[in-house]
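All remarks here apply to the structure that follows.
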Amino acid sequence: MCQLVSPEGDHLGAALYLPQNVGPSQLQEIVNHLLHNEDKLPYAFYIGDEELSIQLGAYMQQKNANVEVTLHIVCQPQAVFRIRPVNRCSATIAGHTEAVLAVSFSPDGRCLASGSGDTTVRFWDLNTQTPLFTCKGHKNWVLCFAWSPDGNHLVSGSKSGELILWDPKIGKQLGTPLTGHRKWITAVSWEPVHLQAPCRRFVSASKDGDARIWDITTRKCIIALTGHTNSVTCVKWGGDGLIYTGSEDCLIKVWETSQGKLIKTLQGHGHWVNSLALSTEYVLRTGAYDHTGKTYSTAEEMKEAALTRYKKMRGNAPERLVSGSDDFTMFLWEPTISKQPKARMTGHQKLVNHVYFSPDGQWLASASFDKSVKLWNGITGKFVAAFRGHVADVYQISWSADSRLLLSGSKDSTLKVWDIRTRKLKQDLPGHADEVYAVDWSPDGEKVASGGKDRVVKLWMN
Amino acid sequence: MPQGDHIELHQKRHGRRLDYDERKRKREAREVHRRSKEAQKLLGAKGKRFAKKRYAEKAQLKKTLKMHDESTSRQKIDDDVQEGALPPYLLDRDQTQRAKVLSNTIKQKRKEKAGKWDVPLPKVRPVAEEEMFKVLRTGKRKTKQWKRMVTKATFVGPGFTRKPPKYERFIRPTGLRFTKAHVTHPELKCTFNLDIISVKKNPNGPMYTSLGVMTKGTIIEVCQGFHLCMKVLVLQHAANTNNETFSFYGMPLKVHHILCMLLSH
């Protein structure tokens with residue numbers, strides 16, 4: 001007697017009597033039929049947080065489950081495509097003369113950019129694995145940068161508090177640097193393309209305690225979001241047009257974007273908020289591009305495609321926000337619903353440096369300075385598994401586009417690929433000579449880029 | 001009063017000459033001419049020294065003047081681009097600059113190598129100091145208690161010479177010193193009598209290793225036949241008899257010579 005349940009808790013159809021020799025493949029067919037899916041989508045099935053990989057009969061025997069009780073089987077949709085784990089370093093590209101502080105692939109996965117302590121932003125050609133452009137213009141270290149979701153612009157922030165807009169296709173600066181912040185820039189986030197295409201606005205967070213919304217067409221700061229009393233460490237532009245800022249004053253503030261008014265303050269952390277993650281973050285980052293590799297010619301097409309992707313990703317559930325903090329815990333919030341956190345995730349023994357939702361929103365990973373990466377359920381916030389293997393602080397993590405593999409870069413100069421299904425280490429990628437500061441998995445899943453203190457950008461492939 | 005202070009004392013008591021200031025001013029005005037005369041007249045090494053000093057003063061003066069000069073061009077003062085760039089999440093944290101002696105590669109290697117000498121070591125009970133050492137009272141009134149005598153089997157090398165008895169803190173009695181060991185090969189099931197070369201590691205601590213104390217779980221290097229091989233031997237029984245039975249785990253032995261001798265010191 002089984003009841004198929006979706007991850008959010010809705011029942012898919014009525015309770016069914018299923019024979020004992022039903023396995024995951026048969027269950028998949030049933031679910032596809034119930035949901036009237038045209039293409040057969042793969043699903044993973046969980047009974048009580050454990051994955052069902054054998055036939056039902058064998059499973060019941062193992063667990064000595066009561067045959068009378070209705071068995072709830074949670075069906076999680078999986079990505080149709082499967083990403084192969086990277087296992088070799090295909091190129092080590094030198095070029096930067098100081099530590100590489102940030103690397104990021106463009107939303108379509110075709111270009112790679114990196115920012116470094118030598119004040120340059122460099123673009124790399126992925127086909128030949130050589131430098132493409134070297135963009136000079138910053139006066140101090142390039143701390144962070146962000147691709148616009150339509151892939152047309154790149155904005156980078158530096159330690160001197162200025163932001164420069166670049167055109168990635170020609171590698172030239174667009175206009176003069178945007179000044180306004182008084183201290184260094186800690187994070188940059190673009191407005192999602194389904195809210196406005198072509199991309200016009202982005203928000204930047206700085207150590208001086210405010211976040212500013214800029215418009216690239218007028219090259220001015222439209223609104224300054226002040227309110228934090230200490231450095232703003234991270235900022236995210238949400239899919240429903242709200243801006244979330246996390247700060248060293250232990251608060252997370254939610255702002256609306258038309259006038260820059262503060263909507264909510266989420267209180268709860270006991271120490272600095274280091275990192276924020278949104279459940280729809282991956283979709284917002286990649287915009288209209290997905291694994292099919294389709295390109296769009298007009299902005300309206302892009303906007304529509306992005307909107308459909310976003311709606312599909314979000315479903316009916318509200319956007320979830322997770323914040324990782326120096327007080328060794330993380331909170332799961334649903335900011336549009338309530339001010340109280342939905343769950344508190346404890347377990348780390350040192351500060352949590354980076355939190356990241358998986359692209360399908362089912363999982364949440366957290367990297368901490370206690371040398372472990374922990375995996376949590378993305379919907380309920382329950383702890384699932386801890387990945388141990390690193391021998392020093394884990395700095396950044398990145399998901400593969402199919403949510404099956406997780407990549408972590410650490411102070412011990414290695415990158416490690418973890419398998420979510422088996423919850424074990426899949427691949428160890430040594431090779432860097434010094435700490436790894438930034439990692440990124442390309443949205444098409446082919447390549448991984450990493451950069452660190454040893455001043456080289458490494459590309460990893462299968 | 002110190003002997004040079006009489007001048008100041010007089011100045012305090014009676015004041016200065018009435019024309020002191022005038023004379024001082026004139027003397028200082030003449031200073032310029034005096035220096036110029038010196039510069040022209042001094043010869044040889046003295047002259048060179050003087051010229052060098054004078055030039056240094058001139059350069060310094062020029063620099064100071066330039067600094068205070070008005071200028072029409074406005075040069076932007078660039079903020080220093082410091083070394084050691086850090087990503088934004090590390091900027092507010094001061095990471096301790098640990099010496100890279102304990103680099104991560106070593107840590108990783110250590111993690112892998114942990115299995116290199118993996119001998120199935122049984123869990124060793126830590127031996128207490130009271131059990132290991134016996135306190136010896138020394139001194140005229142037998143009040144001093146800093147000497148210790150080892151109560152377990154030890155190994156001292158062939159070239160061992162005691163420290164001067166007055167200064168030795170740890171006494172290893174000759175009755176407890178052993179040179180040979182009975183080694184049992186687990187597969188061949190035969191026992192060999194082999195010379196001990198050294199005590200490699202005592203699980204109770206580095207102090208015991210350096211003393212050469214052999215307790216249960218100690219790893220010992222042994223000479224086998226005419227080969228000097230490193231064998232990982234684990235002391236299984238350490239009885240206070242003349243027979244030390246070592247259980248042997250390690251690479252297979254190549255027996256060249258079976259030494260059938262009585263155990264001797």
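Identifiers for the structure tokens are assigned positionally: chains receive A, B, ... in sequence, residues are indexed from 1 per chain, and ligands are indexed from 1 in the order shown.
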*Give the strand (DSSP E or B) residues of segment 136-326 of chain A, as DSSP finds them on the backbone, and put them as a ChimeraX atom specification.*
/A:136,142-147,154-158,163-167,172-173,178,185-190,201-206,211-215,220-225,232-237,242-247,251-256,262-267,273-278,321-325
*Quick one: everything within 6 Å of Asp195 of chain B, counting only C-alpha atoms, minus sequence neighbours fewer than 6 positions away in the same chain. Send it as a PyMOL selection string.*
chain B and resi 179-180+222-223
_Residue nearest Leu101 of chain A - candidates B:Lys62, B:Gln11, B:Val81, B:Leu86, atoms counted: only C-alpha atoms_ = B:Leu86
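Residues of chain A having any atom within 6 Å of chain B, counting only C-alpha atoms, are A:Ala99, A:Leu101, A:Gly117, A:Asn140, A:Leu143, A:Thr186, A:Asp412.
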*Mind giving me the straight-line distance from atom CA of Cys144 of chain A to atom CA of His228 of chain A in Å, one decimal?*
20.3 Å
*asked:* For the structure I just gave you, how does DSSP split segment 253-360 of chain A - specifically, which residues are helix (DSSP H, G or I)? Reply as a ChimeraX atom specification.
replied: /A:281-286,299-314
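Across the structure, atom CA of Lys253 of chain A and atom CA of Pro335 of chain A are spaced 9.6 Å apart.
Rounded to one decimal, atom CA of Ile213 of chain A and atom CA of Gly260 of chain A lie 8.5 Å from each other.
Distances here use only C-alpha atoms; by that measure, the residue among B:Lys163, B:Gly212, B:Asp69, B:Ile197 closest to Leu176 of chain B is B:Gly212.
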*Leaving out segment 68-77 of chain A and any residue of its chain fewer than 6 positions from it, which residues lie within 6 Å of it when counting only C-alpha atoms, given as a ChimeraX atom specification?*
/A:1-7,43-47
Take the residues that were just selected and, keeping all heavy atoms, output them as a tab-separated table (two decimals), in the first residue's frame.
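Full text of again_11.tsv as output:
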chain	number	residue	atom	x	y	z
A	1	MET	N	0.86	-1.18	0.00
A	1	MET	CA	0.00	0.00	0.00
A	1	MET	C	0.89	1.23	0.00
A	1	MET	O	1.60	1.48	0.97
A	1	MET	CB	-0.86	-0.02	1.27
A	1	MET	CG	-1.84	1.10	1.34
A	1	MET	SD	-3.11	0.82	0.15
A	1	MET	CE	-4.17	2.19	0.49
A	2	CYS	N	0.92	1.95	-1.09
A	2	CYS	CA	1.88	3.06	-1.20
A	2	CYS	C	1.19	4.35	-1.59
A	2	CYS	O	0.20	4.35	-2.32
A	2	CYS	CB	2.93	2.75	-2.25
A	2	CYS	SG	3.88	1.29	-1.86
A	3	GLN	N	1.75	5.42	-1.14
A	3	GLN	CA	1.25	6.73	-1.52
A	3	GLN	C	2.43	7.53	-2.06
A	3	GLN	O	3.43	7.73	-1.38
A	3	GLN	CB	0.67	7.44	-0.29
A	3	GLN	CG	0.28	8.89	-0.55
A	3	GLN	CD	-0.87	9.01	-1.51
A	3	GLN	OE1	-1.93	8.45	-1.30
A	3	GLN	NE2	-0.65	9.72	-2.59
A	4	LEU	N	2.29	7.97	-3.31
A	4	LEU	CA	3.38	8.74	-3.90
A	4	LEU	C	3.20	10.21	-3.54
A	4	LEU	O	2.13	10.77	-3.70
A	4	LEU	CB	3.37	8.58	-5.42
A	4	LEU	CG	3.66	7.16	-5.90
A	4	LEU	CD1	3.27	7.01	-7.34
A	4	LEU	CD2	5.13	6.83	-5.71
A	5	VAL	N	4.28	10.80	-3.05
A	5	VAL	CA	4.21	12.18	-2.57
A	5	VAL	C	5.28	13.01	-3.30
A	5	VAL	O	6.36	12.53	-3.55
A	5	VAL	CB	4.50	12.23	-1.05
A	5	VAL	CG1	4.35	13.61	-0.50
A	5	VAL	CG2	3.60	11.25	-0.33
A	6	SER	N	4.94	14.24	-3.60
A	6	SER	CA	5.94	15.12	-4.22
A	6	SER	C	6.82	15.70	-3.12
A	6	SER	O	6.45	15.65	-1.94
A	6	SER	CB	5.25	16.23	-4.99
A	6	SER	OG	4.88	17.26	-4.09
A	7	PRO	N	7.97	16.28	-3.47
A	7	PRO	CA	8.87	16.77	-2.42
A	7	PRO	C	8.24	17.83	-1.52
A	7	PRO	O	8.58	17.96	-0.36
A	7	PRO	CB	10.05	17.37	-3.18
A	7	PRO	CG	10.00	16.75	-4.50
A	7	PRO	CD	8.59	16.39	-4.79
A	43	TYR	N	13.23	10.08	-12.05
A	43	TYR	CA	12.90	10.44	-10.68
A	43	TYR	C	13.75	9.63	-9.71
A	43	TYR	O	14.16	8.53	-10.00
A	43	TYR	CB	11.42	10.18	-10.37
A	43	TYR	CG	10.50	11.22	-10.95
A	43	TYR	CD1	10.01	11.09	-12.23
A	43	TYR	CD2	10.14	12.33	-10.20
A	43	TYR	CE1	9.18	12.05	-12.76
A	43	TYR	CE2	9.30	13.29	-10.72
A	43	TYR	CZ	8.82	13.16	-12.01
A	43	TYR	OH	8.01	14.10	-12.53
A	44	ALA	N	13.96	10.20	-8.56
A	44	ALA	CA	14.59	9.44	-7.48
A	44	ALA	C	13.56	9.29	-6.38
A	44	ALA	O	12.77	10.21	-6.13
A	44	ALA	CB	15.81	10.18	-6.95
A	45	PHE	N	13.51	8.15	-5.75
A	45	PHE	CA	12.48	7.89	-4.76
A	45	PHE	C	13.08	7.74	-3.37
A	45	PHE	O	14.08	7.08	-3.19
A	45	PHE	CB	11.71	6.62	-5.13
A	45	PHE	CG	11.06	6.75	-6.47
A	45	PHE	CD1	11.67	6.26	-7.60
A	45	PHE	CD2	9.85	7.41	-6.59
A	45	PHE	CE1	11.08	6.42	-8.84
A	45	PHE	CE2	9.26	7.57	-7.82
A	45	PHE	CZ	9.87	7.08	-8.96
A	46	TYR	N	12.44	8.37	-2.42
A	46	TYR	CA	12.94	8.34	-1.04
A	46	TYR	C	11.83	7.89	-0.12
A	46	TYR	O	10.73	8.44	-0.17
A	46	TYR	CB	13.41	9.74	-0.62
A	46	TYR	CG	14.62	10.20	-1.37
A	46	TYR	CD1	14.50	10.81	-2.61
A	46	TYR	CD2	15.90	10.01	-0.85
A	46	TYR	CE1	15.61	11.23	-3.30
A	46	TYR	CE2	17.01	10.43	-1.54
A	46	TYR	CZ	16.86	11.04	-2.77
A	46	TYR	OH	17.97	11.45	-3.46
A	47	ILE	N	12.17	6.92	0.71
A	47	ILE	CA	11.23	6.54	1.76
A	47	ILE	C	11.89	6.93	3.06
A	47	ILE	O	12.92	6.36	3.44
A	47	ILE	CB	10.94	5.02	1.74
A	47	ILE	CG1	10.39	4.64	0.37
A	47	ILE	CG2	9.96	4.68	2.83
A	47	ILE	CD1	10.10	3.17	0.26
*Polymer residues at most 10 Å from Lys169 of chain A, only C-alpha atoms, same-chain spacing of 6 or more positions, as a ChimeraX atom specification*: /A:111,123,132-133,151-153
_I want to know what sits within 10 Å of Asp454 of chain A, based on only C-alpha atoms, with residues of the same chain fewer than 5 positions away left out; could you give that as an NGL selection string?_
:A and (94 or 96-100 or 413 or 432-437)
*asked:* So that I can see what lies close to Gly157 of chain B, please list as a ChimeraX atom specification the residues with an atom at most 12 Å from it, counting only C-alpha atoms and leaving out residues fewer than 3 positions away in the same chain.
replied: /B:154,160-162,177-180,195-199,210-213,221,265
Selected residues written out with N, CA and C atoms, as a JSON list (two decimals), in the first residue's frame:
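Ended up saving to selection_38.json:
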[["chain", "number", "residue", "atom", "x", "y", "z"],
["B", 154, "THR", "N", 65.72, -3.09, 28.73],
["B", 154, "THR", "CA", 66.19, -1.97, 27.90],
["B", 154, "THR", "C", 67.20, -2.47, 26.89],
["B", 160, "PHE", "N", 77.83, 2.07, 23.97],
["B", 160, "PHE", "CA", 77.20, 2.86, 25.02],
["B", 160, "PHE", "C", 78.16, 3.12, 26.18],
["B", 161, "THR", "N", 78.24, 4.36, 26.56],
["B", 161, "THR", "CA", 79.01, 4.71, 27.75],
["B", 161, "THR", "C", 78.10, 5.50, 28.67],
["B", 162, "ARG", "N", 78.14, 5.18, 29.93],
["B", 162, "ARG", "CA", 77.28, 5.87, 30.87],
["B", 162, "ARG", "C", 77.70, 7.33, 30.98],
["B", 177, "ARG", "N", 69.66, -5.14, 30.69],
["B", 177, "ARG", "CA", 70.04, -4.78, 29.33],
["B", 177, "ARG", "C", 70.15, -6.04, 28.49],
["B", 178, "PHE", "N", 69.53, -6.01, 27.30],
["B", 178, "PHE", "CA", 69.53, -7.18, 26.44],
["B", 178, "PHE", "C", 70.10, -6.83, 25.08],
["B", 179, "THR", "N", 70.81, -7.79, 24.51],
["B", 179, "THR", "CA", 71.36, -7.54, 23.18],
["B", 179, "THR", "C", 70.69, -8.41, 22.12],
["B", 180, "LYS", "N", 70.16, -9.53, 22.54],
["B", 180, "LYS", "CA", 69.56, -10.42, 21.56],
["B", 180, "LYS", "C", 68.09, -10.65, 21.87],
["B", 195, "ASP", "N", 70.20, -10.34, 16.84],
["B", 195, "ASP", "CA", 70.74, -9.17, 17.54],
["B", 195, "ASP", "C", 69.80, -8.00, 17.37],
["B", 196, "ILE", "N", 69.65, -7.28, 18.44],
["B", 196, "ILE", "CA", 68.87, -6.05, 18.35],
["B", 196, "ILE", "C", 69.81, -4.94, 17.88],
["B", 197, "ILE", "N", 69.33, -4.16, 16.93],
["B", 197, "ILE", "CA", 70.15, -3.03, 16.47],
["B", 197, "ILE", "C", 69.75, -1.76, 17.21],
["B", 198, "SER", "N", 68.47, -1.51, 17.26],
["B", 198, "SER", "CA", 68.03, -0.31, 17.99],
["B", 198, "SER", "C", 66.56, -0.43, 18.33],
["B", 199, "VAL", "N", 66.15, 0.42, 19.23],
["B", 199, "VAL", "CA", 64.73, 0.52, 19.57],
["B", 199, "VAL", "C", 64.17, 1.69, 18.77],
["B", 210, "SER", "N", 63.96, 7.12, 23.58],
["B", 210, "SER", "CA", 65.36, 7.54, 23.66],
["B", 210, "SER", "C", 66.12, 6.75, 24.72],
["B", 211, "LEU", "N", 65.40, 6.31, 25.77],
["B", 211, "LEU", "CA", 66.07, 5.52, 26.79],
["B", 211, "LEU", "C", 66.34, 4.10, 26.33],
["B", 212, "GLY", "N", 65.53, 3.65, 25.33],
["B", 212, "GLY", "CA", 65.72, 2.29, 24.85],
["B", 212, "GLY", "C", 64.95, 1.27, 25.63],
["B", 213, "VAL", "N", 63.90, 1.73, 26.28],
["B", 213, "VAL", "CA", 63.09, 0.82, 27.08],
["B", 213, "VAL", "C", 62.22, -0.03, 26.16],
["B", 221, "GLU", "N", 64.38, -2.66, 15.79],
["B", 221, "GLU", "CA", 65.12, -3.01, 14.59],
["B", 221, "GLU", "C", 66.06, -4.15, 14.93],
["B", 265, "HIS", "N", 74.77, -11.41, 27.43],
["B", 265, "HIS", "CA", 74.69, -9.95, 27.53],
["B", 265, "HIS", "C", 75.82, -9.32, 26.79]]
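Near Thr179 of chain A, within a cut-off of 7 Å and counting only C-alpha atoms, sit the residues A:Gly161, A:Glu162, A:Leu163, with same-chain residues fewer than 4 positions away left out.
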Residues just named, written with C-alpha atoms as a PDB file, in the first residue's frame:
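Generated output (out-v1.pdb):
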ATOM      1  CA  GLY A 161      35.340  50.660  -3.831  1.00  0.00           C
ATOM      2  CA  GLU A 162      34.764  51.176  -7.512  1.00  0.00           C
ATOM      3  CA  LEU A 163      32.885  49.075 -10.033  1.00  0.00           C
TER       4      LEU A 163
END
